[in-house]
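A quick write-up on the structure given underneath.
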Amino acid sequence: MTEITTLRPFTAASFNQYLAEGKLMASRCEDCGNLSLPPRAICSKCHGVNLVWTETSGKGTLVGFTVVSIAPTFMIQQGYGRDNPYVSGIVELDEGEKISARILGVDPTRPDTIQIGSRLDVGFIEVGENENKRVYLAFKLIE
Amino acid sequence: MPKSHKLMRGVSIVGAGMSKFGAFPAKNSRDLFVEAFKDMSVSVDKGFDPTNIESFYLGNFSSDLFEHQGHTAPLLLDAVGLTPIPATRVENACASGATALRQGVMAIASGMYDVVMVGGAEKMTNLPTADVTDTLATAADVPFEIAAGFTFPGFYAAMATAYMSRFGMQPEHLMNVAIKNHENGALNPNAQFGTTIQKWMEGRVASALKKGKPAPDWTTIWDFLHDDSANPMIAWPLRLFDCSPITDGASALLLVADERAREFTDTPVRIIASAQASDTALHNRPDLTSLPAAKLASSQAYAMAGVSAGDIRIAEVHDCFTIAEILASEDIGFFAPGEGYKAAEDGVTSRLGSKPINTSGGLKSKGHPVGASGVAQVFEIWKQMRSEAGERQVPGDIPLALTHNVGATGSTCVVHIFERNN
């Protein structure tokens, strides 16, 4: 695990900026060692404020999922919906922290074949171009 | 150990009312609250003087987005002619109603007021479904959970997959909850979908025949519930009939200090515990098969009341989705982890079972106007404890009852325990 300390604040905007750079970053408390994903500016374990950014392994396990047929507006705008469902899930990283993400490499038309406990590797979904580009967190099934 | 909580003096419910729940294009939340208020007014046995009310707490999730109307508490209070008393809106997503009730309980218990009105209201059906989905999604952690494509059915679906994986439940087991709650709702004149799934299916067959179309080949409700056209997938494994509907509705309660209850009625319902807990986003919890805030609020409520789950005769729990009722039935201690779905299958939670849950029809059949739901749960308890629930009355004595109201995926849970006092 590469330790990276920068001046970026521990915000959703910074988290998304790291995603755009192809990194899934967590915060780690320098006082008690607790890892937080999503990142936090205050440690939820010891309430310390000495946090650093740290890159996660990106490897994890599927702990819960769904195949969304009735989608929110921003996903409908990306072409998803009843005729093109997608998979969202909760992934437990090897470090123990969990995060919500899109799940790729599984068959949304065969939800019964998607297995909890499947091994996953971090990936990134790019939507839009130039200043409208947004990168979303995803995990891919490791075959 | 955290210190135990107590009320500095007792609080009783002496009146309760609700509007009909449903889709009412010509009514806003104010109109619906007026209906609930009038229903509450006539429920006060010894007569009701509205000028006795000293403060008002309103549970409302998002009138801002649903109706483009903020600052709803004074508006609703003015609609029933009761300004200038304090009016406070409380927002805790789908637990707004019970959270408002809790504010009312604490306001009386503190000695500040003797007579308080608690309301809940939500007007949801103005918006198209996608906009309702987006509005409800604001109750989640938007940058981290919604960005992953989750919807509210999706969150509970993910809990269902975790539960299925751990305990061997099948999606069919969830349908038992929907079937039961529609059976109860069919006996509730205020329910949005006050019809059994059997009658619903028969209606669809009759409608097809009337239009000269071939009748669907459903023999039983199980065929109907497995049919992707009749019961479409919303977020696998949850289908349409696993989800509570989009609803307009309002509810109202009149609370008084115990020592004044007999001025209003000889059969008040005492609130003997009020507990509330909060939690992280779903992905930060140790496991997805239970709502820690619900377990904590329940255990605190039982400690406060000095009773246990075994003592509770009936419960109204937050069945926003079928899986939510199964998890709730375990989190409130009615059943051990992994046993809730079996209890639903075996009829233990049916109206005539040993642990009736959601005799009102629950959010599933009665409807789920989010800010009103937590207050309307108490309306059902009030009716049942006073033996006024008509056809859906639970047989026998109901000395103790419980309500469980959840915000979002369990980032809030509020539990109240009630005791008949006559």
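Letters for chains follow the order of the structure tokens (A, B, ...), residue numbers begin at 1 for each chain, and ligand numbers begin at 1 in the order shown.
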> What residues in region 30-142 of chain A get the DSSP label strand (DSSP E or B)? Please answer as a ChimeraX atom specification.
Replying inline: /A:35-36,51-55,59-68,81,84,86-93,98-104,119-127,134-141
Define the interface residues of chain A facing chain B as those within 8 Å, counting only C-alpha atoms, and report them as an mmCIF file with N, CA and C atoms, in the first residue's frame.
data_model
loop_
_atom_site.group_PDB
_atom_site.id
_atom_site.type_symbol
_atom_site.label_atom_id
_atom_site.label_comp_id
_atom_site.auth_asym_id
_atom_site.auth_seq_id
_atom_site.Cartn_x
_atom_site.Cartn_y
_atom_site.Cartn_z
ATOM 1 N N ALA A 12 -15.611 14.850 -0.345
ATOM 2 C CA ALA A 12 -16.106 14.068 -1.470
ATOM 3 C C ALA A 12 -15.468 14.545 -2.768
ATOM 4 N N LEU A 37 -13.175 4.663 4.763
ATOM 5 C CA LEU A 37 -13.622 4.745 3.376
ATOM 6 C C LEU A 37 -15.144 4.772 3.404
ATOM 7 N N PRO A 38 -15.790 5.794 2.853
ATOM 8 C CA PRO A 38 -15.232 7.038 2.316
ATOM 9 C C PRO A 38 -14.322 7.737 3.324
ATOM 10 N N VAL A 63 -20.266 -8.110 -0.852
ATOM 11 C CA VAL A 63 -21.026 -8.495 0.353
ATOM 12 C C VAL A 63 -22.537 -8.294 0.203
ATOM 13 N N GLY A 64 -22.961 -7.579 -0.832
ATOM 14 C CA GLY A 64 -24.395 -7.396 -1.080
ATOM 15 C C GLY A 64 -24.536 -6.686 -2.407
ATOM 16 N N PHE A 65 -25.642 -6.957 -3.127
ATOM 17 C CA PHE A 65 -25.776 -6.336 -4.448
ATOM 18 C C PHE A 65 -27.236 -6.288 -4.843
ATOM 19 N N THR A 66 -27.500 -5.554 -5.919
ATOM 20 C CA THR A 66 -28.820 -5.548 -6.523
ATOM 21 C C THR A 66 -28.659 -5.294 -8.012
ATOM 22 N N VAL A 67 -29.690 -5.644 -8.752
ATOM 23 C CA VAL A 67 -29.746 -5.297 -10.170
ATOM 24 C C VAL A 67 -30.863 -4.267 -10.301
ATOM 25 N N VAL A 68 -30.497 -3.042 -10.642
ATOM 26 C CA VAL A 68 -31.462 -1.942 -10.635
ATOM 27 C C VAL A 68 -32.183 -1.855 -11.982
ATOM 28 N N SER A 69 -33.508 -2.033 -11.933
ATOM 29 C CA SER A 69 -34.332 -1.892 -13.143
ATOM 30 C C SER A 69 -34.980 -0.517 -13.206
ATOM 31 N N ILE A 70 -35.423 -0.021 -12.044
ATOM 32 C CA ILE A 70 -36.008 1.320 -11.981
ATOM 33 C C ILE A 70 -34.908 2.248 -11.481
ATOM 34 N N ALA A 71 -34.359 3.003 -12.406
ATOM 35 C CA ALA A 71 -33.110 3.723 -12.155
ATOM 36 C C ALA A 71 -33.369 5.177 -11.785
ATOM 37 N N PRO A 72 -32.387 5.795 -11.096
ATOM 38 C CA PRO A 72 -32.477 7.243 -10.869
ATOM 39 C C PRO A 72 -32.208 8.002 -12.179
ATOM 40 N N THR A 73 -32.575 9.272 -12.194
ATOM 41 C CA THR A 73 -32.520 10.066 -13.428
ATOM 42 C C THR A 73 -31.133 10.062 -14.062
ATOM 43 N N MET A 75 -28.860 7.897 -14.066
ATOM 44 C CA MET A 75 -28.552 6.618 -14.716
ATOM 45 C C MET A 75 -29.427 6.409 -15.964
ATOM 46 N N VAL A 87 -25.825 -3.318 -12.234
ATOM 47 C CA VAL A 87 -25.588 -3.899 -10.909
ATOM 48 C C VAL A 87 -24.873 -2.879 -10.016
ATOM 49 N N SER A 88 -25.428 -2.667 -8.838
ATOM 50 C CA SER A 88 -24.765 -1.890 -7.794
ATOM 51 C C SER A 88 -24.526 -2.815 -6.608
ATOM 52 N N GLY A 89 -23.468 -2.549 -5.880
ATOM 53 C CA GLY A 89 -23.183 -3.442 -4.764
ATOM 54 C C GLY A 89 -22.367 -2.776 -3.676
ATOM 55 N N ILE A 90 -22.151 -3.531 -2.624
ATOM 56 C CA ILE A 90 -21.289 -3.101 -1.526
ATOM 57 C C ILE A 90 -20.101 -4.064 -1.488
ATOM 58 N N VAL A 91 -18.912 -3.466 -1.487
ATOM 59 C CA VAL A 91 -17.676 -4.235 -1.602
ATOM 60 C C VAL A 91 -16.876 -4.065 -0.318
ATOM 61 N N GLU A 97 -12.452 -2.184 5.071
ATOM 62 C CA GLU A 97 -13.420 -1.107 4.857
ATOM 63 C C GLU A 97 -14.355 -1.451 3.701
ATOM 64 N N LYS A 98 -15.582 -0.907 3.765
ATOM 65 C CA LYS A 98 -16.575 -1.191 2.719
ATOM 66 C C LYS A 98 -16.989 0.091 2.005
ATOM 67 N N ILE A 99 -17.434 -0.085 0.747
ATOM 68 C CA ILE A 99 -17.837 1.061 -0.066
ATOM 69 C C ILE A 99 -18.886 0.602 -1.091
ATOM 70 N N SER A 100 -19.776 1.530 -1.457
ATOM 71 C CA SER A 100 -20.767 1.267 -2.507
ATOM 72 C C SER A 100 -20.121 1.528 -3.862
ATOM 73 N N ALA A 101 -20.462 0.702 -4.829
ATOM 74 C CA ALA A 101 -19.863 0.860 -6.163
ATOM 75 C C ALA A 101 -20.704 0.138 -7.207
ATOM 76 N N ARG A 102 -20.525 0.533 -8.454
ATOM 77 C CA ARG A 102 -21.072 -0.258 -9.556
ATOM 78 C C ARG A 102 -20.265 -1.546 -9.662
ATOM 79 N N PRO A 111 -29.289 -12.413 -12.441
ATOM 80 C CA PRO A 111 -28.861 -12.069 -11.066
ATOM 81 C C PRO A 111 -28.573 -13.297 -10.222
ATOM 82 N N ILE A 116 -22.439 -13.596 -3.889
ATOM 83 C CA ILE A 116 -21.827 -12.896 -2.760
ATOM 84 C C ILE A 116 -20.552 -13.648 -2.394
ATOM 85 N N TYR A 136 -16.855 7.468 -12.019
ATOM 86 C CA TYR A 136 -17.553 6.765 -10.947
ATOM 87 C C TYR A 136 -16.760 5.522 -10.526
ATOM 88 N N LEU A 137 -16.900 5.192 -9.263
ATOM 89 C CA LEU A 137 -16.211 4.013 -8.734
ATOM 90 C C LEU A 137 -16.920 2.737 -9.179
ATOM 91 N N ALA A 138 -16.136 1.771 -9.601
ATOM 92 C CA ALA A 138 -16.685 0.463 -9.961
ATOM 93 C C ALA A 138 -15.742 -0.626 -9.478
#
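Across the model, the gap from CA of Cys413 (chain B) to CA of Ala301 (chain B) is 11.4 Å.
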>> So that I can see what lies close to Pro395 (chain B), please list as a list of chain:residue names the residues with an atom at most 10 Å from it, counting only C-alpha atoms and leaving out residues fewer than 3 positions away in the same chain.
In response: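 Residues near the query, excluding close chain neighbours: B:Arg351, B:Leu352, B:Gly353, B:Gln384, B:Ser387, B:Arg392, B:Ile398.
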> Got a sec: who's within 7 Å of Ala26 (chain A), counting only C-alpha atoms, leaving out chain neighbours fewer than 5 positions off, as a list in words?
Replying inline: Leu35, Ser36, Leu37, Pro38, Pro39, Trp53, Thr54, Glu55 and Thr56 of chain A
